[in-house]
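Asks: Take a look at this one; I'll ask things after.
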Amino acid sequence: MSRLTHLDQKGAAHMVDVGDKAETVRIAVAEGHVVMQPETLAIVRDGEAKKGDVLGTARLAGIMAAKRAHELIPLCHPLLLTKIAVDLAIDEALPGVRVRAEVKLTGKTGVEMEALTAVSVACLTVYDMVKAVDRAMHIEGIKLVHKSGGKSGTYELAGQSA
């Protein structure tokens with residue numbers, strides 16, 4: 001197991017110096033989902049939520065969140081992201097909404113936190129948009145499923161493919 005790079009020699013948190021790292025194409029994909037009652041999912045699917053377009057609003061919230069991850073997570077670097085794709089899909093079997101985010105850049109540090117932040121905020125937005133009809137909703141399975149680029153190479157969650 002490698003040393004935690006966000007801790008200095010004394011164990012204090014600090015921002016990692018990425019100045020000497022090579023610029024590479026870096027991609028991260030994260031996923032998560034919101035589980036809800038079938039009746040709530042019907043409201044989302046049929047566009048009948050009183051607050052408006054649940055999936056469209058959550059998609060935009062996820063994109064905005066990825067761009068602001070460095071403002072939310074203390075040791076993240078501000079990044080010039082070149083791609084943010086947030087996809088939401090109705091899953092009747094869940095029942096609920098599946099969220100997937102892909103974030104990309106050419107740079108000196110990875111985009112895992114941006115992808116995870118996008119999924120987290122998109123899921124929270126789905127919850128917020130329909131919480132009035134289903135307080136029992138819950139968010140599950142937020143995880144990194146793919147990461148590529150940089151010195152550490154490619155990571156693929158077992159059983160997943162980007």
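Simple scheme: letters A, B, ... for chains in structure tokens order, numbers from 1 for residues in each chain, numbers from 1 for ligands in the order shown.
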Using the chain letters and numbers from this document, which residues of chain A does DSSP assign to strand (DSSP E or B), as JSON, numbers by chain?

Replies: {"A": [7, 13, 24, 25, 26, 27, 28, 29, 30, 31, 32, 33, 34, 35, 83, 84, 85, 86, 87, 88, 89, 90, 91, 96, 97, 98, 99, 100, 101, 102, 103, 104, 105, 106, 107, 138, 139, 140, 141, 142, 143, 144, 145, 146, 147, 148, 155, 156]}

Asks: For the residues selected in the previous step, produce a file with C-alpha atoms as a short mmCIF file (atom, residue, chain, number, x, y, z; two decimals), in the first residue's frame.

Replies:
data_model
loop_
_atom_site.label_atom_id
_atom_site.label_comp_id
_atom_site.auth_asym_id
_atom_site.auth_seq_id
_atom_site.Cartn_x
_atom_site.Cartn_y
_atom_site.Cartn_z
CA LEU A 7 -0.29 13.96 4.36
CA ALA A 13 -3.02 17.43 5.58
CA THR A 24 -1.78 13.04 -19.63
CA VAL A 25 -5.35 12.43 -20.68
CA ARG A 26 -7.19 11.49 -17.51
CA ILE A 27 -10.67 10.02 -17.36
CA ALA A 28 -12.80 8.96 -14.42
CA VAL A 29 -16.21 7.31 -14.40
CA ALA A 30 -18.38 7.06 -11.29
CA GLU A 31 -21.81 5.60 -10.65
CA GLY A 32 -24.53 5.63 -8.03
CA HIS A 33 -28.28 5.32 -7.76
CA VAL A 34 -31.35 6.57 -5.93
CA VAL A 35 -33.81 3.91 -4.75
CA LYS A 83 -15.60 16.84 -20.66
CA ILE A 84 -18.32 16.24 -18.12
CA ALA A 85 -21.08 13.84 -19.07
CA VAL A 86 -23.78 12.98 -16.53
CA ASP A 87 -26.32 10.38 -17.57
CA LEU A 88 -29.42 9.43 -15.60
CA ALA A 89 -31.53 6.40 -16.40
CA ILE A 90 -34.82 5.14 -15.07
CA ASP A 91 -34.47 1.61 -13.71
CA GLY A 96 -35.09 4.17 -9.04
CA VAL A 97 -32.67 6.27 -11.02
CA ARG A 98 -29.15 5.22 -11.99
CA VAL A 99 -26.56 7.97 -12.34
CA ARG A 100 -23.26 7.75 -14.22
CA ALA A 101 -20.71 10.52 -14.69
CA GLU A 102 -17.65 10.65 -16.91
CA VAL A 103 -15.12 13.43 -16.45
CA LYS A 104 -12.08 14.06 -18.62
CA LEU A 105 -9.13 16.43 -18.93
CA THR A 106 -5.56 16.62 -20.11
CA GLY A 107 -3.61 17.55 -17.05
CA HIS A 138 -32.11 6.46 -0.33
CA ILE A 139 -28.88 6.89 -2.22
CA GLU A 140 -26.67 3.86 -2.75
CA GLY A 141 -23.62 2.55 -4.51
CA ILE A 142 -21.65 5.71 -5.21
CA LYS A 143 -18.32 4.42 -6.44
CA LEU A 144 -15.49 4.91 -8.90
CA VAL A 145 -15.83 2.35 -11.69
CA HIS A 146 -13.04 3.48 -14.02
CA LYS A 147 -9.95 5.67 -13.91
CA SER A 148 -7.29 6.06 -16.55
CA TYR A 155 -8.21 1.14 -12.65
CA GLU A 156 -11.32 -0.82 -13.48
#

Asks: Can you work out which one of A:Leu80, A:Val44, A:Ala158, A:Leu72 has the shortest atom-to-atom distance to Met113 in chain A, counting only C-alpha atoms?

Replies: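 When distances to Met113 in chain A are compared using only C-alpha atoms, the smallest one comes from A:Leu72.
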
Asks: Between CA of Thr109 in chain A and CA of Ala61 in chain A, what is the distance, to one decimal in Å?

Replies: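 Answer for the CA of Thr109 in chain A to CA of Ala61 in chain A separation: 23.1 Å.
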
Asks: Report, in Å to a single decimal, how far apart CA of Leu60 in chain A and CA of Leu79 in chain A are.

Replies: 18.3 Å
